[in-house]
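Student: File follows, model.cif with mmCIF, C-alpha atoms:
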```cif
data_upload
loop_
_atom_site.label_atom_id
_atom_site.label_comp_id
_atom_site.auth_asym_id
_atom_site.auth_seq_id
_atom_site.Cartn_x
_atom_site.Cartn_y
_atom_site.Cartn_z
CA MET A 1 -52.08 64.06 78.06
CA SER A 2 -54.21 66.27 75.93
CA LYS A 3 -57.08 64.19 74.67
CA HIS A 4 -56.47 65.54 71.19
CA THR A 5 -53.03 63.97 71.02
CA ARG A 6 -53.99 60.77 72.81
CA GLY A 7 -55.41 58.98 69.78
CA VAL A 8 -52.35 59.48 67.61
CA VAL A 9 -50.00 58.54 70.46
CA LEU A 10 -52.02 55.39 71.28
CA VAL A 11 -52.16 54.21 67.67
CA GLY A 12 -48.51 55.12 67.10
CA MET A 13 -47.40 53.24 70.20
CA LEU A 14 -49.38 50.14 69.18
CA VAL A 15 -47.66 50.26 65.79
CA ALA A 16 -44.22 50.70 67.45
CA LEU A 17 -44.86 47.81 69.87
CA PHE A 18 -46.00 45.58 67.01
CA LEU A 19 -42.95 46.45 64.87
CA ALA A 20 -40.42 46.00 67.70
CA GLY A 21 -42.20 43.10 69.37
CA ALA A 22 -43.21 40.98 66.38
CA VAL A 23 -42.03 42.26 62.99
CA SER A 24 -38.41 42.65 64.15
CA TYR A 25 -38.08 38.86 64.12
CA TYR A 26 -38.18 39.03 60.33
CA ALA A 27 -35.57 41.79 60.02
CA ASN A 28 -32.56 41.13 57.83
CA GLY A 29 -29.73 39.68 59.90
CA SER A 30 -26.83 40.75 57.67
CA PRO A 31 -24.36 43.35 58.96
CA ASP A 32 -25.50 46.91 58.28
CA GLY A 33 -23.82 49.24 55.82
CA LEU A 34 -21.20 50.52 58.27
CA ASN A 35 -20.34 47.06 59.61
CA ARG A 36 -20.08 45.66 56.08
CA VAL A 37 -17.70 48.43 54.98
CA ALA A 38 -15.78 48.05 58.26
CA MET A 39 -15.24 44.34 57.57
CA ASP A 40 -14.36 44.85 53.92
CA GLN A 41 -12.00 47.78 54.48
CA GLY A 42 -10.52 46.82 57.85
CA LEU A 43 -11.98 49.64 59.95
CA ASP A 44 -12.76 47.10 62.66
CA GLU A 45 -9.15 46.02 63.25
CA ALA A 46 -9.14 47.50 66.76
CA GLU A 47 -12.83 46.96 67.58
CA LYS A 48 -13.47 46.36 71.27
CA ASN A 49 -16.27 44.40 72.85
CA HIS A 50 -19.10 46.46 74.26
CA ALA A 51 -18.62 47.15 77.97
CA LEU A 52 -22.25 46.18 78.67
CA ALA A 53 -22.36 43.20 76.30
CA ASP A 54 -23.64 40.98 79.14
CA GLY A 55 -26.61 43.20 79.98
CA PRO A 56 -30.08 41.67 80.22
CA LEU A 57 -31.15 43.12 76.84
CA ALA A 58 -27.77 43.21 75.07
CA GLY A 59 -27.92 42.43 71.38
CA TYR A 60 -31.71 42.88 71.31
CA SER A 61 -32.34 39.57 73.04
CA THR A 62 -33.66 38.98 76.53
CA LYS A 63 -31.35 37.09 78.82
CA GLY A 64 -32.80 33.84 80.12
CA VAL A 65 -35.42 33.53 77.37
CA ASP A 66 -34.46 30.73 75.03
CA ASN A 67 -37.17 31.11 72.43
CA GLU A 68 -35.57 33.41 69.86
CA ARG A 69 -38.81 35.01 68.73
CA LEU A 70 -39.92 35.71 72.30
CA SER A 71 -36.48 36.85 73.42
CA GLY A 72 -36.17 39.42 70.64
CA GLY A 73 -39.78 40.48 70.90
CA LEU A 74 -39.54 41.15 74.62
CA ALA A 75 -36.35 43.15 74.13
CA GLY A 76 -38.08 45.19 71.43
CA VAL A 77 -41.08 45.90 73.65
CA ALA A 78 -38.76 46.90 76.51
CA GLY A 79 -36.86 49.26 74.21
CA VAL A 80 -40.06 50.89 72.96
CA ALA A 81 -41.20 51.39 76.56
CA LEU A 82 -37.83 52.82 77.64
CA THR A 83 -37.52 55.24 74.74
CA PHE A 84 -41.14 56.36 75.16
CA LEU A 85 -40.58 57.03 78.86
CA VAL A 86 -37.36 58.97 78.38
CA GLY A 87 -38.57 60.87 75.30
CA GLY A 88 -41.98 61.59 76.82
CA THR A 89 -40.44 62.84 80.06
CA ILE A 90 -38.17 65.21 78.13
CA GLY A 91 -41.20 66.46 76.22
CA LEU A 92 -43.24 67.01 79.37
CA VAL A 93 -40.42 68.77 81.23
CA LEU A 94 -39.49 71.09 78.35
CA ARG A 95 -42.99 71.99 77.16
CA ARG A 96 -44.46 75.44 77.55
CA ARG A 97 -47.24 74.87 80.02
CA GLY A 98 -50.72 76.20 79.48
CA THR A 99 -50.03 76.99 75.86
CA ASP A 100 -52.06 74.13 74.54
CA PHE A 101 -54.01 75.43 71.59
CA TRP A 102 -57.06 73.33 72.44
CA THR A 103 -56.93 74.05 76.15
CA ALA A 104 -56.88 77.73 75.27
CA GLU A 105 -59.98 77.17 73.19
CA ARG A 106 -61.80 75.45 76.01
CA HIS A 107 -60.87 78.22 78.41
CA ALA A 108 -62.17 80.77 75.97
CA GLU A 109 -65.45 78.91 75.65
CA ARG A 110 -65.88 78.87 79.41
CA GLY A 111 -65.20 82.60 79.65
CA ASN A 112 -67.62 85.53 79.44
CA GLU A 113 -69.37 86.73 76.31
CA HIS A 114 -66.42 88.83 75.18
CA GLY A 115 -64.03 85.99 75.77
CA ARG A 116 -66.12 83.47 73.92
CA ALA A 117 -64.60 82.47 70.69
CA ARG A 118 -64.34 79.43 68.58
CA TYR A 119 -61.83 78.26 66.08
CA VAL A 120 -63.24 77.81 62.64
CA SER A 121 -61.62 75.70 60.02
CA GLY A 122 -61.41 77.87 56.94
CA THR A 123 -60.60 76.86 53.40
CA MET B 1 -24.73 52.82 61.42
CA HIS B 2 -23.91 52.50 65.13
CA VAL B 3 -20.17 52.88 65.61
CA PRO B 4 -18.79 50.31 68.08
CA ASP B 5 -15.96 50.93 70.56
CA GLY B 6 -12.48 50.91 69.10
CA PHE B 7 -13.18 52.29 65.60
CA ILE B 8 -12.35 55.89 66.52
CA ASN B 9 -9.49 56.82 68.85
CA ALA B 10 -9.98 58.34 72.29
CA PRO B 11 -9.20 62.03 71.50
CA VAL B 12 -11.58 62.21 68.55
CA SER B 13 -14.24 60.23 70.45
CA ALA B 14 -13.94 62.71 73.32
CA GLY B 15 -14.07 65.65 70.90
CA ALA B 16 -17.20 64.24 69.30
CA GLY B 17 -18.61 63.80 72.80
CA LEU B 18 -18.11 67.52 73.44
CA VAL B 19 -19.73 68.45 70.12
CA ALA B 20 -22.64 66.11 70.92
CA ALA B 21 -23.07 67.61 74.40
CA ALA B 22 -23.06 71.14 72.99
CA GLY B 23 -25.59 70.10 70.34
CA ILE B 24 -27.85 68.51 72.94
CA ALA B 25 -27.64 71.65 75.08
CA VAL B 26 -28.72 73.79 72.11
CA CYS B 27 -31.57 71.34 71.42
CA LEU B 28 -32.76 71.39 75.05
CA ARG B 29 -33.15 75.17 74.72
CA GLY B 30 -34.66 75.10 71.24
CA ALA B 31 -37.13 72.31 72.01
CA ARG B 32 -38.92 74.59 74.49
CA ARG B 33 -40.21 76.58 71.53
CA GLU B 34 -41.44 73.45 69.75
CA LEU B 35 -43.21 71.66 72.60
CA ASP B 36 -46.50 72.58 74.19
CA ASP B 37 -49.04 70.63 76.21
CA ARG B 38 -50.47 69.15 73.05
CA THR B 39 -47.30 68.05 71.29
CA ALA B 40 -45.20 67.00 74.32
CA PRO B 41 -46.34 63.32 74.23
CA MET B 42 -45.31 63.20 70.55
CA ALA B 43 -41.68 63.38 71.69
CA GLY B 44 -42.13 60.06 73.48
CA LEU B 45 -43.92 58.53 70.52
CA VAL B 46 -41.28 59.65 68.02
CA ALA B 47 -38.43 58.26 70.15
CA ALA B 48 -40.27 54.94 70.57
CA PHE B 49 -41.17 54.75 66.89
CA VAL B 50 -37.61 55.46 65.73
CA PHE B 51 -36.34 52.80 68.14
CA ALA B 52 -38.83 50.25 66.81
CA VAL B 53 -38.16 50.93 63.14
CA GLN B 54 -34.38 50.91 63.70
CA MET B 55 -34.79 47.22 64.63
CA LEU B 56 -36.13 46.47 61.16
CA ASN B 57 -33.02 45.99 59.06
CA PHE B 58 -33.80 45.68 55.37
CA PRO B 59 -31.48 44.12 52.77
CA VAL B 60 -29.55 46.52 50.52
CA GLY B 61 -27.28 44.09 48.73
CA PRO B 62 -25.64 40.72 49.16
CA GLY B 63 -24.76 40.27 52.82
CA THR B 64 -25.56 43.87 53.69
CA SER B 65 -28.50 45.48 55.43
CA GLY B 66 -29.55 48.93 56.50
CA HIS B 67 -32.00 50.51 58.89
CA LEU B 68 -33.71 53.81 59.46
CA LEU B 69 -31.66 56.54 61.11
CA GLY B 70 -34.76 58.62 61.74
CA GLY B 71 -33.36 62.14 62.14
CA THR B 72 -35.23 63.61 59.20
CA LEU B 73 -38.46 61.87 60.18
CA ALA B 74 -38.20 63.05 63.79
CA ALA B 75 -37.39 66.63 62.78
CA ILE B 76 -40.40 66.84 60.45
CA LEU B 77 -42.76 65.32 63.01
CA VAL B 78 -41.79 67.22 66.18
CA GLY B 79 -39.37 69.94 65.03
CA PRO B 80 -35.59 69.81 64.56
CA TYR B 81 -34.55 70.49 68.18
CA THR B 82 -36.97 68.00 69.69
CA GLY B 83 -36.29 65.57 66.85
CA ALA B 84 -32.55 65.55 67.53
CA LEU B 85 -33.28 64.92 71.22
CA CYS B 86 -35.55 61.99 70.32
CA VAL B 87 -32.88 60.30 68.18
CA ALA B 88 -30.26 60.97 70.88
CA VAL B 89 -32.55 59.27 73.41
CA VAL B 90 -32.77 56.24 71.10
CA LEU B 91 -28.98 56.10 70.75
CA LEU B 92 -28.50 56.43 74.51
CA VAL B 93 -30.98 53.63 75.28
CA GLN B 94 -29.46 51.42 72.56
CA GLY B 95 -25.93 52.04 73.79
CA ILE B 96 -26.68 51.37 77.46
CA PHE B 97 -29.31 48.62 77.36
CA PHE B 98 -28.83 46.91 74.00
CA ALA B 99 -25.03 47.07 73.60
CA ASP B 100 -25.68 48.65 70.18
CA GLY B 101 -23.17 51.43 69.54
CA GLY B 102 -20.11 51.69 71.76
CA LEU B 103 -20.24 53.69 74.99
CA THR B 104 -17.04 55.53 74.08
CA ALA B 105 -18.53 56.09 70.61
CA LEU B 106 -21.77 57.60 71.92
CA GLY B 107 -20.61 61.12 71.02
CA VAL B 108 -19.64 60.04 67.51
CA ASN B 109 -22.99 58.31 67.09
CA VAL B 110 -25.02 61.27 68.39
CA VAL B 111 -23.15 63.63 66.07
CA ASN B 112 -23.46 61.42 62.97
CA MET B 113 -26.90 59.87 63.43
CA SER B 114 -28.75 62.57 65.34
CA LEU B 115 -27.26 66.03 64.78
CA VAL B 116 -26.05 65.59 61.19
CA THR B 117 -29.17 63.82 59.93
CA VAL B 118 -31.46 66.36 61.62
CA VAL B 119 -29.57 69.43 60.39
CA VAL B 120 -29.16 68.14 56.84
CA GLY B 121 -32.58 66.50 56.61
CA TYR B 122 -34.47 69.44 58.06
CA LEU B 123 -32.62 72.05 55.97
CA VAL B 124 -33.28 70.13 52.75
CA PHE B 125 -36.91 69.64 53.80
CA ARG B 126 -37.36 73.38 54.49
CA VAL B 127 -35.73 74.46 51.23
CA LEU B 128 -37.88 72.04 49.22
CA THR B 129 -41.19 72.87 50.93
CA LYS B 130 -40.50 76.58 50.38
CA ALA B 131 -39.71 76.02 46.70
CA LEU B 132 -42.64 73.71 45.99
CA PRO B 133 -46.32 74.67 45.89
CA ARG B 134 -48.04 74.26 49.25
CA GLY B 135 -49.79 70.99 49.80
CA ARG B 136 -49.69 67.53 51.22
CA SER B 137 -47.81 65.94 48.32
CA SER B 138 -45.10 68.61 48.48
CA VAL B 139 -44.54 67.91 52.17
CA ILE B 140 -44.36 64.15 51.58
CA GLY B 141 -42.09 64.53 48.53
CA SER B 142 -39.82 66.90 50.46
CA ALA B 143 -39.70 64.47 53.39
CA PHE B 144 -38.74 61.64 51.02
CA SER B 145 -35.95 63.63 49.36
CA ALA B 146 -34.59 65.07 52.59
CA ALA B 147 -34.43 61.62 54.19
CA LEU B 148 -32.70 60.20 51.11
CA ILE B 149 -29.97 62.86 51.21
CA SER B 150 -29.47 62.76 54.99
CA VAL B 151 -28.21 59.16 55.07
CA PRO B 152 -25.20 59.40 52.71
CA VAL B 153 -24.28 62.74 54.32
CA SER B 154 -24.35 61.02 57.70
CA SER B 155 -22.08 58.29 56.32
CA LEU B 156 -19.70 61.03 55.13
CA ALA B 157 -19.68 62.45 58.65
CA PHE B 158 -18.56 59.04 59.88
CA VAL B 159 -15.79 58.97 57.26
CA GLY B 160 -14.77 62.41 58.52
CA CYS B 161 -14.51 61.04 62.06
CA TYR B 162 -12.49 58.10 60.80
CA ALA B 163 -10.20 60.41 58.82
CA LEU B 164 -9.51 62.37 62.02
CA GLY B 165 -9.23 59.50 64.47
CA GLY B 166 -9.51 56.12 62.80
CA THR B 167 -7.71 53.32 64.58
CA ASN B 168 -6.50 51.61 61.43
CA ASP B 169 -4.54 52.79 58.42
CA VAL B 170 -6.98 52.38 55.56
CA SER B 171 -7.61 53.87 52.15
CA LEU B 172 -9.95 56.77 52.89
CA GLY B 173 -10.90 57.02 49.25
CA ALA B 174 -12.07 53.42 49.14
CA VAL B 175 -13.87 53.81 52.47
CA THR B 176 -15.63 56.96 51.25
CA THR B 177 -16.77 55.30 48.02
CA ALA B 178 -17.99 52.19 49.83
CA MET B 179 -19.73 54.11 52.62
CA VAL B 180 -21.52 56.60 50.35
CA GLY B 181 -22.46 53.89 47.86
CA VAL B 182 -24.13 51.59 50.36
CA HIS B 183 -25.72 54.48 52.24
CA ILE B 184 -27.38 55.86 49.13
CA LEU B 185 -29.19 52.50 48.97
CA ILE B 186 -30.01 52.65 52.68
CA GLY B 187 -31.14 56.24 52.08
CA ILE B 188 -33.79 54.96 49.66
CA GLY B 189 -35.20 52.81 52.47
CA GLU B 190 -34.99 55.78 54.84
CA ALA B 191 -36.85 57.90 52.28
CA VAL B 192 -39.64 55.36 51.79
CA ILE B 193 -40.18 54.91 55.55
CA THR B 194 -40.04 58.67 56.18
CA GLY B 195 -42.45 59.46 53.33
CA LEU B 196 -44.93 56.76 54.38
CA THR B 197 -44.87 57.76 58.05
CA VAL B 198 -45.17 61.50 57.44
CA GLY B 199 -47.94 60.80 54.89
CA SER B 200 -49.89 58.62 57.33
CA ILE B 201 -49.79 61.13 60.17
CA ILE B 202 -50.61 64.04 57.85
CA ALA B 203 -53.65 62.11 56.63
CA ALA B 204 -54.91 61.68 60.20
CA ARG B 205 -53.71 64.78 62.05
CA PRO B 206 -51.83 67.35 59.94
CA ASP B 207 -51.79 69.70 62.93
CA LEU B 208 -49.52 67.26 64.81
CA VAL B 209 -46.86 67.32 62.08
CA TYR B 210 -44.43 70.16 62.83
CA GLY B 211 -43.18 70.38 59.25
CA ALA B 212 -46.69 70.50 57.81
CA SER B 213 -47.76 73.64 59.63
CA GLY B 214 -48.09 75.41 56.30
CA ILE B 215 -50.67 72.99 54.92
CA ALA B 216 -52.98 72.44 57.88
CA PRO B 217 -56.29 74.21 57.35
CA GLU B 218 -55.92 77.84 58.31
CA LEU B 219 -57.34 78.33 61.76
CA GLU B 220 -58.82 81.69 62.42
CA LEU B 221 -60.34 83.31 65.44
CA ARG B 222 -63.87 84.59 65.00
CA PRO B 223 -66.44 85.90 67.44
CA SER B 224 -68.88 83.17 68.30
CA THR B 225 -72.11 83.79 66.43
CA ALA B 226 -73.37 80.24 66.27
CA THR B 227 -75.22 78.81 69.23
CA ALA B 228 -73.83 75.32 68.75
#
```
Kindly return the structure encoded in the file as structure tokens.
Tutor:
Amino acid sequence: MSKHTRGVVLVGMLVALFLAGAVSYYANGSPDGLNRVAMDQGLDEAEKNHALADGPLAGYSTKGVDNERLSGGLAGVAGVALTFLVGGTIGLVLRRRGTDFWTAERHAERGNEHGRARYVSGT
Amino acid sequence: MHVPDGFINAPVSAGAGLVAAAGIAVCLRGARRELDDRTAPMAGLVAAFVFAVQMLNFPVGPGTSGHLLGGTLAAILVGPYTGALCVAVVLLVQGIFFADGGLTALGVNVVNMSLVTVVVGYLVFRVLTKALPRGRSSVIGSAFSAALISVPVSSLAFVGCYALGGTNDVSLGAVTTAMVGVHILIGIGEAVITGLTVGSIIAARPDLVYGASGIAPELELRPSTATA
């Protein structure tokens, strides 16, 4: 990972882990907008159970963990890890390699006199 | 706004699946232009962040909550193509591992919560940032407004799906009014979260915010005269 992105990604991931792992316990438990309208208007007449409703993380709780706070927190942390892995892999696979702005700068600085250049922050 | 199994009939679910697949294919091509070595890890961060914040349901009325959809936020942070992929990743992980959003409804959910919110949110954001004077507050204000609009439009997209393939005979007028009404309130939450997040990252690293490329300090190439 480019060292120039690392700081933002590290801080962002700590925030995401904290939100999913700890703050989520305090989230509002009422049905969301769609589910509320579905109940009120009868959209859910033919609703079917989720095919994977018995999965280890189904319903944002960890199977086998009785403590509600811990169960939800672990599920949240697992979800953050999974989405980061999948999203990050897509990013790494699709990226244009060697086009890193800062890498280009470092290469230029290592080059000969004519190639030497630096990026100046203007106003 | 995750649609469970059984709300939308099989043909329309399958049709939405095709639309979603086509949209993802377009995004996989388009994202190549948005991602480089520096921004690639941001795709992982944005997916993880949207997942985390989607867990934080906030109250929007008696017995009703809402949560971030995240399409507008993702599009502004990493670009619309990559942003749509990030939200689709979140929906896929939620559907498979968390039993949130039906498996047969995955196409419907990708269309409504990823593609529609990204297209609407990013278009509104672009129009507003072009119309407003350049600057940090314009970007944040545009992000706020775009996020606000994207949520009720997404709820309308769901109503459209239900109109085409709903499994129950309901009053579409009443459903439309109820859906748009509650999702304007949820949109306010979406707008606040989007504005705060975009504002925080712009304050630290404006160059890592795709939609703020116009306000980052101009970078120019000069011959090196300094010895430092």
Student: Apply the PyMOL selection byres ((chain A and resi 94) around 7) to the file shown and report the selected residues as a ChimeraX atom specification.
Tutor: /A:90-93,95-96 /B:31-32,35
Student: Name the residues, using the chain letters and numbers of the file, that sit within 12 Å of (-8.2, 54.2, 52.4) when counting all atoms listed in the file, and give them as JSON, numbers by chain.
Tutor: {"A": [37, 38, 40, 41, 42, 43], "B": [159, 162, 163, 166, 168, 169, 170, 171, 172, 173, 174, 175, 176, 177, 178, 179]}
Student: Would you put the residues from that selection into a file with C-alpha atoms, as a compact mmCIF listing (two decimals), in the coordinates of the input?
Tutor:
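Dumped everything to part-v6.txt:
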```txt
# COMPACT_ATOMS: atom_id res chain seq x y z
CA VAL A 37 -17.70 48.43 54.98
CA ALA A 38 -15.78 48.05 58.26
CA ASP A 40 -14.36 44.85 53.92
CA GLN A 41 -12.00 47.78 54.48
CA GLY A 42 -10.52 46.82 57.85
CA LEU A 43 -11.98 49.64 59.95
CA VAL B 159 -15.79 58.97 57.26
CA TYR B 162 -12.49 58.10 60.80
CA ALA B 163 -10.20 60.41 58.82
CA GLY B 166 -9.51 56.12 62.80
CA ASN B 168 -6.50 51.61 61.43
CA ASP B 169 -4.54 52.79 58.42
CA VAL B 170 -6.98 52.38 55.56
CA SER B 171 -7.61 53.87 52.15
CA LEU B 172 -9.95 56.77 52.89
CA GLY B 173 -10.90 57.02 49.25
CA ALA B 174 -12.07 53.42 49.14
CA VAL B 175 -13.87 53.81 52.47
CA THR B 176 -15.63 56.96 51.25
CA THR B 177 -16.77 55.30 48.02
CA ALA B 178 -17.99 52.19 49.83
CA MET B 179 -19.73 54.11 52.62
```
Student: Compute the chain B side of the contact with chain A at 7 Å, counting all atoms listed in the file, and hand it back as a ChimeraX atom specification.
Tutor: /B:1,4-7,31-32,35-38,40-45,47-49,51-53,55-59,63-66,86,89-90,93,96-100,102,167-168,170,175,178-179,182-183,217-224
Student: Tell me, as a PyMOL selection string, which residues lie within 12 Å of B:Gly214, counting all atoms listed in the file; anything in the same chain fewer than 2 positions away does not count.
Tutor: chain B and resi 126+129-130+132-136+138-139+202+206-212+216-219
Student: When the PyMOL selection byres ((chain B and resi 146) around 9) is applied to the file above, which residues end up in the set, as a VMD selection string?
Tutor: chain B and resid 72 120 to 126 128 141 to 145 147 to 150 191
Student: Any chance you could resolve the PyMOL selection byres ((chain B and resi 112) around 10) against this file and give the residues as an NGL selection string?
Tutor: :B and (1-3 or 16 or 20 or 69 or 71 or 106-111 or 113-118 or 151 or 153-161)
Student: If you measure from atom CA of B:Gly181 to atom CA of B:Pro152, what distance in Å do you get, rounded to one decimal?
Tutor: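 For atom CA of B:Gly181 relative to atom CA of B:Pro152, the distance reads 7.8 Å.
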Student: Here is a test: counting all atoms listed in the file, which residue of B:Gly17, B:Gly165, B:Gly61, B:Pro11 is nearest to B:Ile186?
Tutor: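 Among the listed residues, B:Gly61 lies closest to B:Ile186.
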Student: In Å, how far is it from atom CA of A:Asn67 to atom CA of B:Leu103?
Tutor: 28.3 Å
Student: Please write out, as lines of an AutoDock Vina configuration file, where the centre of an axis-aligned box around all listed atoms of stretch 52-60 of chain B lies and how long its edges are, in Å to one decimal, after adding 3 Å on each side.
Tutor:
```
center_x = -34.2
center_y = 47.5
center_z = 58.7
size_x = 15.3
size_y = 12.8
size_z = 22.3
```
Student: What does the distance between atom CA of B:Ala75 and atom CA of B:Val180 come to in Å, to one decimal place?
Tutor: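 Distance reported for this atom pair: 22.5 Å.
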Student: Just want the 8 Å neighbourhood of B:Ile140, counted on all atoms listed in the file, with same-chain residues fewer than 5 positions away dropped. Output as a PyMOL selection string.
Tutor: chain B and resi 195-196+198-199
